[in-house]
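To start, the structure itself, in structure tokens.
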There are 4 protein chains.
Amino acid sequence: MIYFNCDYMAGAHPEILDALIKTNLEKSVGYGFDSFTAAARVAILKACGLDDGEVYFVQGGTQANKVAIDRLLSRNDGVLCCESAHINVHESGAIEADGHKVIALPEQNGKLSADSILRYMEDFYADETNEHMVRPAMVYITHPTEYGTLYALSELKAISEVCRRYDMPLYIDGARLAYGLTADGTDVTLHDIATLADVFYIGGTKCGTLFGEAIVSRHKHILPRFMSLMKLHGALLAKGRLLGIQFLTLFTDDLYYRIGRNADRLAMQLKEGFLAKGYRQYIDSPTNQQFFILPNEEIDRLSSQIGFELWGPKGTTESIVRFVTDWSTTESDVTFLLSLLRPAPTPPLPDSDSI
Amino acid sequence: MIYFNCDYMAGAHPEILDALIKTNLEKSVGYGFDSFTAAARVAILKACGLDDGEVYFVQGGTQANKVAIDRLLSRNDGVLCCESAHINVHESGAIEADGHKVIALPEQNGKLSADSILRYMEDFYADETNEHMVRPAMVYITHPTEYGTLYALSELKAISEVCRRYDMPLYIDGARLAYGLTADGTDVTLHDIATLADVFYIGGTKCGTLFGEAIVSRHKHILPRFMSLMKLHGALLAKGRLLGIQFLTLFTDDLYYRIGRNADRLAMQLKEGFLAKGYRQYIDSPTNQQFFILPNEEIDRLSSQIGFELWGPKGTTESIVRFVTDWSTTESDVTFLLSLLRPAPTPPLPDSDSI
Amino acid sequence: MIYFNCDYMAGAHPEILDALIKTNLEKSVGYGFDSFTAAARVAILKACGLDDGEVYFVQGGTQANKVAIDRLLSRNDGVLCCESAHINVHESGAIEADGHKVIALPEQNGKLSADSILRYMEDFYADETNEHMVRPAMVYITHPTEYGTLYALSELKAISEVCRRYDMPLYIDGARLAYGLTADGTDVTLHDIATLADVFYIGGTKCGTLFGEAIVSRHKHILPRFMSLMKLHGALLAKGRLLGIQFLTLFTDDLYYRIGRNADRLAMQLKEGFLAKGYRQYIDSPTNQQFFILPNEEIDRLSSQIGFELWGPKGTTESIVRFVTDWSTTESDVTFLLSLLRPAPTPPLPDSDSI
Amino acid sequence: MIYFNCDYMAGAHPEILDALIKTNLEKSVGYGFDSFTAAARVAILKACGLDDGEVYFVQGGTQANKVAIDRLLSRNDGVLCCESAHINVHESGAIEADGHKVIALPEQNGKLSADSILRYMEDFYADETNEHMVRPAMVYITHPTEYGTLYALSELKAISEVCRRYDMPLYIDGARLAYGLTADGTDVTLHDIATLADVFYIGGTKCGTLFGEAIVSRHKHILPRFMSLMKLHGALLAKGRLLGIQFLTLFTDDLYYRIGRNADRLAMQLKEGFLAKGYRQYIDSPTNQQFFILPNEEIDRLSSQIGFELWGPKGTTESIVRFVTDWSTTESDVTFLLSLLRPAPTPPLPDSDSI
């Protein structure tokens, strides 16, 4: 069985596991005050090109979003995002549980546009009774998005500009950031992310660590008393050095980028293979998540040897499926998958209305 | 430098690390639906003697307390505990952040008594205007306590009985449970804990894992929709199998008890050494945390070669200190410490008023 | 100046004020344990035809929604409503502030349909990863809606049936219930509301009281420990009898219905007047709120002598406006307004795209 | 039956009721944007001597505390108060429900001391691990206290000074402020309160209005976006002018002080009567709440003709009782009560251990 279900099915990248093994018997103080964590902070800020930034490590993506957003919003504030945003759909109400409204705007290709944010802000401030409404006070986007798509640098700049005009922090969820940074044709670098966002996180869990995400703020003052807030949320790891060791390794010898490149390269091979066999994409993604429309018969046939995910409910004759690559995916995994894949039926199935 | 600061300074017990290494490249589904986690559940329920129980794994102790208490309490309910309870002092308001009042009662030796709970309940229900007050709706105790002390079985039974009389869940924070179960002279077993508590957690972080706690409920129905609540709190680990693998190892070949016994045995050697040299205990603990009153001069002298913690503010001439043992402490660590320790000054310092 | 801005611009209906004056010097116990409140409860339950119901009084509509929804939902639950629902738009995040997600579905004429609820529920329970999502656990509708429209009895029955199939409480926000019950052509009675909803509130503030809403539950057990929860929300009025006295008066001599009928009758005269002069409705409402599309020039002209509200932003040539009647509106108010209104320009303005 | 149970048993002071009657048919905009409310604001700020202050009106005391404290605290902050503080005991967890820990310190005569606050702050900031603890970030006191006692001006100044040293707002709950301002021997004026507190509220409900409290901030910027927060808490009254009208009347012709003086004067007569008959006070209060220790037999006897409250559980032979005066209490009420009261038994009962 070869698995393409998601990017967090294996343990850690071997270099990360080695680092954990080597340091296992060393003793250090808890809660991230150790020297590994200090070194990881330095490495990350350097990689981001931030002089006055700050880094905090938490265990998972929902936790990162929850704690950061809880800090960035006041009591009667909400966060703008698009409808498919992870915080709007797949975090079990984690943001609302802290008292904040998630305000979902329409999207295109999984992306929020500067224009729709701007219109919402203008309408809000034009409404004389807006004290009866939730103030939109920050913007949340993901890069890559939940559909694997990427913002262009110009799009990020436009969003960042609207945010700054309204004095709203821009927060970028980088659960799969590695795959975005190394995608073919992207013009967005880690420096750009670190400059345009006020706070973002560099995903570890889906990019090669056992667990862990690095929350980065552009300036130290943006996340005041953040460790105390992490503790309040149960997000302050006792053996904090585990996060430091893993992220120090990710940002040593370019490992974060090597992980991203491996997954993206194989995802492109996979995509080309599907297209060559005549399949349609559900959405065109340049990163490690690939979405296709397959006949149900083909889905059932592949499933006996290949792991992958149905995306949404099964259709009557064909369905959307997702294939994901990561650091542990090999060229032979992709070759094997493509060798199993039969050419798409001709003439193609009728359009996707049946899905 | 030899460290006795706390029980979470090293990585994982080697058997646990080995298990993680061996399984690192296996792929499995996320969020604890993997087979390792399933096996760990079975092993823990068997060790607890629970037929209808349930087990959930989270990453840390504050997280365990936060999520479990949030499930056990309704909106206008509070949790009874003693004043030194971890949830009352050292969790940065994690319980209140979810809307619940922590109602702290007086304590003795770090322990809450059935009597004080009973009196509080009687007073509450006797008050005809108690709809203006927070309903005490569950009881939280730690075993061992924050001072390393232990409840006797009779004390636990009495508390459990009061709780059941008032239909309140009893929750036991077992952050250091291993050290309680293996302490000399304790009459409390894991079966007792599992029978008397409605929900409790088996601590991993302070007892040999990299991280992780196992929340156990006496009956499946006690924690409804708990995974969704874990997700809401950012407490659902993507690579959930990491928790399963670690706890499966802890409950294989008696490892949890071996870890407890090593630490307790060395803690008793350490205690005898301090007493033999004429030092006073701050509190008499039968587990892996030992508290002494030392002259400041001796504290300063030891500190160059030994790591340990000041407990509270430094006194004018003497202070309270804590020494902690764990799985990684060796007999030679203790011997070395005791060899450095000078006999207590004679005549002894005046009483502890100066602290 | 004649005001049609909204239905809470004057004080109380004279019969209510009289009742307050007459009882002013009587002393009674606080927090709603007085005899006026007891009598009001009896009168309301009788009017509702509920044998086992319960009634609680709060001061305002947002408060009613907030406290009731907070009781009906568990921590990781959300409330389904339509997009224009008051709780989704105009309560400043009051529901989310208590930790609950407001899940907004599309609407028609300000109404939610049983079908859209059913589809959402089916999709939710079909999704195997729904523990990552907020469980839809109750349904919120308003009757009349924010646009003055009414559910037909068959529509309410269908919604109630879906709710019961999924064991979800149906909650009806009756801020303007009087105007719904007395509307021409409605087939929905107070008995229907009380039978089909699990909890609803009978609006006082917008229907003739100084302030106050009566939250009614179909069965006593549905809102456990509700007074304590009201207190927690700052919603328990010390001089609770003020609410009892007002609602007792509303449900004496049919006052609630007399208030509704006066407003609805005059709203229909107003509507006919506008239609007769050639104006278009924005939405066709059978109750005390009337929405028209007027040329900006006419809006400006009327504004010097008539108070009414712009509904949304001003358009370039024409805009939506709202006129509201209540117990204090008189026939001569409507006649005066219509006498000022000039006939709509001929040929009619182009369609409403310009708004 | 003559009632001394509490100060909110009757309706409104007749001058206030008159004002409501006179304005009943006037129409005005909602939510406190009306001219009555504007005038009440001006009158209150003038009475307080505040040039840059702000005033907001809410319906009740718990609501005032809840909304103000929610604004003054950040997410991981707590409020310091004394153990008998209303927010700690009798608000059903209203503060914790918003996520904030109530940190209760020991008290004397119902009062918190500057010293105990100072010690707590010093200890907190001396603790190097205080990111695991709730930051004390504001101070709450009541004046008069829950026991009717009063702070001396020097005590308030000392508390205010500690607060400013630590940049913590001082909040004063003035539910019964009128009775404090007019008490014999007090050296605290409304100007003092308004200068020393950062935010406080002027109680209406217990001082002559139907309902309502005026929250006053020393500077406009202290309570940003407060109306929106009020709305979020369900605390924004639709017919806001009702609050404006009542408070405008309270601060016209010295009514607030006249109400206070009447109640205090009669409370002193009542106290003298009890002392003259040989009864002991539970606590010596200079304001409208009077606490005595009475034999249970006398309590039972009086109860048939006089309303008053048992304070805490009934003792075996004697109990604590509370008598409260207000604007509606008359000299003949007190004379009648004292005429019923039998002299205390001689020799006096043994000391109050039996209570």
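Naming works like this for the structure tokens: A, B, ... for the chains as they're shown, residue 1 at the start of each chain, ligands 1 onward in shown order.
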- Near range 126-137 of chain A, within 8 Å and counting only C-alpha atoms, which residues show up once chain neighbours fewer than 2 positions away are dropped, as a list in words?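 These residues fall inside the cut-off: Leu73, Asn76, Asp77, Gly78, Val79, Leu80, Lys101, Ile103, Met121, Glu122, Asp123, Phe124, Val139, Met168 and Pro169 of chain A; Val89, His90, Glu91, Ser92, Gly93, Gly312 and Pro313 of chain C; Arg225, Met227, Ser228, Lys231 and Leu232 of chain D.
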- Item | Close residues, Arg218 in chain A itself excluded, 12 Å, only C-alpha atoms, min 4 positions apart in chain, as a list in words |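 Contacts, with the query itself left out: Ile44, Leu45, Cys48, Gly49, Leu50, Asp51, Asp52, Gly53, Glu54, Val55, Pro169, Leu170, Tyr171, Ile172, His191, Asp192, Ile193, Ala194, Thr195, Leu196, Ala197, Asp198, Val199, Phe200, Tyr201, Ile222 and Leu223 of chain A.
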- Expressed in Å to a single decimal, how great is the separation between CA of Ile21 in chain D and CA of Ile259 in chain D?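 That distance, rounded to one decimal, is 20.1 Å.
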- List every residue of range 209-266 of chain B that DSSP, applied to the backbone of this structure, assigns to helix (DSSP H, G or I), and report them as an MDAnalysis selection string. chainID B and resid 220:222 226:232 241:250 255:266
- Task: Select, from A:His233, A:His13, A:Arg75, A:Lys27, the residue with the minimum atom-to-atom distance to chain C, counting only C-alpha atoms.
- Result: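 Going through A:His233, A:His13, A:Arg75, A:Lys27 one by one, the smallest distance to chain C is for A:Arg75.
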- Selection near Thr23 in chain B, 12 Å with only C-alpha atoms, sequence-local residues under 6 positions removed, as a list of chain:residue names: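 Close residues of Thr23 in chain B: A:Met9, A:Ala10, A:Gly11, A:Ala12, A:Pro14, A:Leu17, A:Leu210, B:Ile16, B:Leu17, B:Ser35, B:Phe36, B:Arg241, B:Leu242, B:Gly244, B:Ile245, B:Gln246.
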With C-alpha atoms retained, write the just-selected residues as an mmCIF file, in the first residue's frame.
data_model
loop_
_atom_site.group_PDB
_atom_site.id
_atom_site.type_symbol
_atom_site.label_atom_id
_atom_site.label_comp_id
_atom_site.auth_asym_id
_atom_site.auth_seq_id
_atom_site.Cartn_x
_atom_site.Cartn_y
_atom_site.Cartn_z
ATOM 1 C CA MET A 9 1.170 10.140 8.025
ATOM 2 C CA ALA A 10 4.791 9.274 8.819
ATOM 3 C CA GLY A 11 6.912 10.273 11.812
ATOM 4 C CA ALA A 12 9.645 12.875 11.394
ATOM 5 C CA PRO A 14 15.224 11.355 9.528
ATOM 6 C CA LEU A 17 14.627 12.305 14.368
ATOM 7 C CA LEU A 210 6.868 15.086 14.558
ATOM 8 C CA ILE B 16 9.996 5.049 24.472
ATOM 9 C CA LEU B 17 12.463 6.702 22.155
ATOM 10 C CA SER B 35 -3.568 1.069 15.551
ATOM 11 C CA PHE B 36 -0.861 2.093 18.040
ATOM 12 C CA ARG B 241 0.073 7.881 16.912
ATOM 13 C CA LEU B 242 3.042 9.537 18.686
ATOM 14 C CA GLY B 244 -0.281 5.996 21.216
ATOM 15 C CA ILE B 245 3.227 4.651 20.688
ATOM 16 C CA GLN B 246 4.564 6.300 23.817
#
- Query: Got a sec to tell me which of range 166-301 of chain C DSSP assigns to strand (DSSP E or B), as a ChimeraX atom specification?
  - Reply: /C:170-174,199-203,213-217,280-283,289-295
Could you name the residues that touch Gln63 in chain C at 10 Å or less, counting only C-alpha atoms, but leaving out those on the same chain fewer than 5 positions away, as a compact mmCIF listing (two decimals) with all heavy atoms, in the first residue's frame?
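Saved result, result_19.txt, follows:
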# COMPACT_ATOMS: atom_id res chain seq x y z
N VAL C 58 -36.45 38.65 30.73
CA VAL C 58 -35.20 39.40 30.65
C VAL C 58 -35.50 40.78 30.08
O VAL C 58 -36.64 41.07 29.71
CB VAL C 58 -34.15 38.67 29.81
CG1 VAL C 58 -33.75 37.33 30.45
CG2 VAL C 58 -34.63 38.47 28.38
N ALA C 68 -30.58 32.36 26.24
CA ALA C 68 -31.26 31.12 25.83
C ALA C 68 -30.33 30.25 25.00
O ALA C 68 -30.22 29.04 25.22
CB ALA C 68 -32.53 31.45 25.05
N ILE C 69 -29.65 30.86 24.05
CA ILE C 69 -28.77 30.06 23.17
C ILE C 69 -27.61 29.50 23.99
O ILE C 69 -27.19 28.36 23.79
CB ILE C 69 -28.29 30.93 21.98
CG1 ILE C 69 -29.49 31.21 21.05
CG2 ILE C 69 -27.16 30.25 21.22
CD1 ILE C 69 -29.21 32.19 19.93
N GLU C 91 -25.87 41.74 16.64
CA GLU C 91 -25.73 41.60 18.09
C GLU C 91 -24.26 41.66 18.52
O GLU C 91 -23.89 41.16 19.58
CB GLU C 91 -26.44 40.32 18.56
CG GLU C 91 -27.92 40.37 18.18
CD GLU C 91 -28.79 39.31 18.84
OE1 GLU C 91 -28.25 38.41 19.50
OE2 GLU C 91 -30.02 39.43 18.69
N ALA C 94 -22.57 38.67 20.09
CA ALA C 94 -23.01 38.23 21.42
C ALA C 94 -22.99 36.71 21.57
O ALA C 94 -22.71 36.19 22.65
CB ALA C 94 -24.41 38.77 21.72
N ILE C 95 -23.32 36.00 20.51
CA ILE C 95 -23.37 34.54 20.59
C ILE C 95 -21.96 33.96 20.58
O ILE C 95 -21.61 33.10 21.40
CB ILE C 95 -24.21 33.97 19.43
CG1 ILE C 95 -25.61 34.61 19.40
CG2 ILE C 95 -24.32 32.44 19.53
CD1 ILE C 95 -26.38 34.55 20.70
N GLY C 212 -38.26 44.57 28.06
CA GLY C 212 -38.58 43.24 28.55
C GLY C 212 -39.04 42.26 27.49
O GLY C 212 -39.77 42.62 26.56
N GLU C 213 -38.58 41.01 27.65
CA GLU C 213 -38.95 39.93 26.75
C GLU C 213 -39.25 38.72 27.64
O GLU C 213 -38.62 38.53 28.67
CB GLU C 213 -37.78 39.56 25.81
CG GLU C 213 -36.88 40.72 25.39
CD GLU C 213 -37.54 41.78 24.51
OE1 GLU C 213 -38.32 41.42 23.62
OE2 GLU C 213 -37.28 42.99 24.73
N MET C 230 -28.97 33.36 33.89
CA MET C 230 -29.35 34.76 33.66
C MET C 230 -28.45 35.68 34.51
O MET C 230 -27.94 36.69 34.04
CB MET C 230 -30.82 34.98 34.02
CG MET C 230 -31.80 34.40 33.00
SD MET C 230 -33.51 34.26 33.65
CE MET C 230 -33.87 35.98 34.06
N HIS C 233 -25.10 36.19 33.18
CA HIS C 233 -25.06 37.09 32.03
C HIS C 233 -25.49 38.52 32.39
O HIS C 233 -25.69 39.33 31.49
CB HIS C 233 -25.98 36.56 30.92
CG HIS C 233 -25.36 35.43 30.14
ND1 HIS C 233 -24.30 35.62 29.30
CD2 HIS C 233 -25.62 34.11 30.10
CE1 HIS C 233 -23.96 34.47 28.74
NE2 HIS C 233 -24.74 33.53 29.22
N GLY C 234 -25.65 38.80 33.67
CA GLY C 234 -26.10 40.13 34.04
C GLY C 234 -27.51 40.41 33.57
O GLY C 234 -27.88 41.56 33.34
N ALA C 235 -28.31 39.35 33.43
CA ALA C 235 -29.65 39.50 32.85
C ALA C 235 -30.77 39.30 33.87
O ALA C 235 -31.93 39.21 33.49
CB ALA C 235 -29.82 38.51 31.70
N LYS D 231 -23.35 46.00 23.80
CA LYS D 231 -24.24 45.25 22.93
C LYS D 231 -23.90 43.75 22.98
O LYS D 231 -24.78 42.90 23.12
CB LYS D 231 -24.11 45.77 21.50
CG LYS D 231 -25.04 45.09 20.50
CD LYS D 231 -26.49 45.50 20.70
CE LYS D 231 -27.43 44.75 19.80
NZ LYS D 231 -28.83 45.01 20.13
N LEU D 232 -22.63 43.45 22.86
CA LEU D 232 -22.16 42.05 22.92
C LEU D 232 -22.65 41.37 24.20
O LEU D 232 -22.91 40.16 24.21
CB LEU D 232 -20.63 42.06 22.85
CG LEU D 232 -19.85 40.76 22.98
CD1 LEU D 232 -18.54 40.88 22.23
CD2 LEU D 232 -19.58 40.39 24.42
N HIS D 233 -22.73 42.13 25.28
CA HIS D 233 -23.15 41.55 26.55
C HIS D 233 -24.67 41.64 26.77
O HIS D 233 -25.15 41.35 27.86
CB HIS D 233 -22.44 42.23 27.72
CG HIS D 233 -21.03 41.75 27.90
ND1 HIS D 233 -20.75 40.49 28.37
CD2 HIS D 233 -19.83 42.34 27.68
CE1 HIS D 233 -19.43 40.34 28.44
NE2 HIS D 233 -18.86 41.43 28.01
N GLY D 234 -25.39 42.06 25.75
CA GLY D 234 -26.83 42.20 25.93
C GLY D 234 -27.18 43.31 26.91
O GLY D 234 -28.22 43.28 27.56
N ALA D 235 -26.29 44.30 27.02
CA ALA D 235 -26.46 45.34 28.03
C ALA D 235 -26.83 46.70 27.46
O ALA D 235 -26.81 47.70 28.18
CB ALA D 235 -25.17 45.45 28.85
N LEU D 236 -27.15 46.73 26.16
CA LEU D 236 -27.47 48.01 25.52
C LEU D 236 -28.99 48.10 25.40
O LEU D 236 -29.59 47.42 24.57
CB LEU D 236 -26.80 48.07 24.14
CG LEU D 236 -26.83 49.40 23.41
CD1 LEU D 236 -26.11 50.48 24.20
CD2 LEU D 236 -26.18 49.25 22.03
N LEU D 237 -29.59 48.94 26.22
CA LEU D 237 -31.04 49.02 26.26
C LEU D 237 -31.58 49.73 25.01
O LEU D 237 -31.12 50.81 24.65
CB LEU D 237 -31.46 49.81 27.51
CG LEU D 237 -32.94 49.71 27.90
CD1 LEU D 237 -33.30 48.29 28.31
CD2 LEU D 237 -33.26 50.67 29.03
- Task: For CA of Gly110 in chain D and CA of Leu153 in chain D, determine how far apart the two atoms are, in Å to one decimal place.
- Result: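 Answer for the CA of Gly110 in chain D to CA of Leu153 in chain D separation: 15.9 Å.
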- Excluding range 342-347 of chain A and residues on its chain fewer than 2 positions from it, collect all residues at most 12 Å away from it, counting only C-alpha atoms, and give them as a count of residues only. 26
- Message: Given only C-alpha atoms as the basis, pick out the residue of A:Lys314, A:Gly32, A:Leu156, A:Tyr140 nearest to chain C.
- Response: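 For chain C, the nearest of the candidates is A:Lys314.
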- Query: Between CA of Leu181 in chain A and CA of Arg258 in chain A, what is the distance, to one decimal in Å?
  - Reply: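 Interatomic distance, CA of Leu181 in chain A to CA of Arg258 in chain A: 10.6 Å.
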- Query: Leaving out Thr329 in chain C and any residue of its chain fewer than 4 positions from it, which residues lie within 7 Å of it when counting only C-alpha atoms, given as a ChimeraX atom specification?
  - Reply: /C:263,325,333
- Residues within 8 Å of Thr182 in chain A, only C-alpha atoms, excluding chain neighbours under 6 positions, as a PyMOL selection string: chain A and resi 257+260-261+264
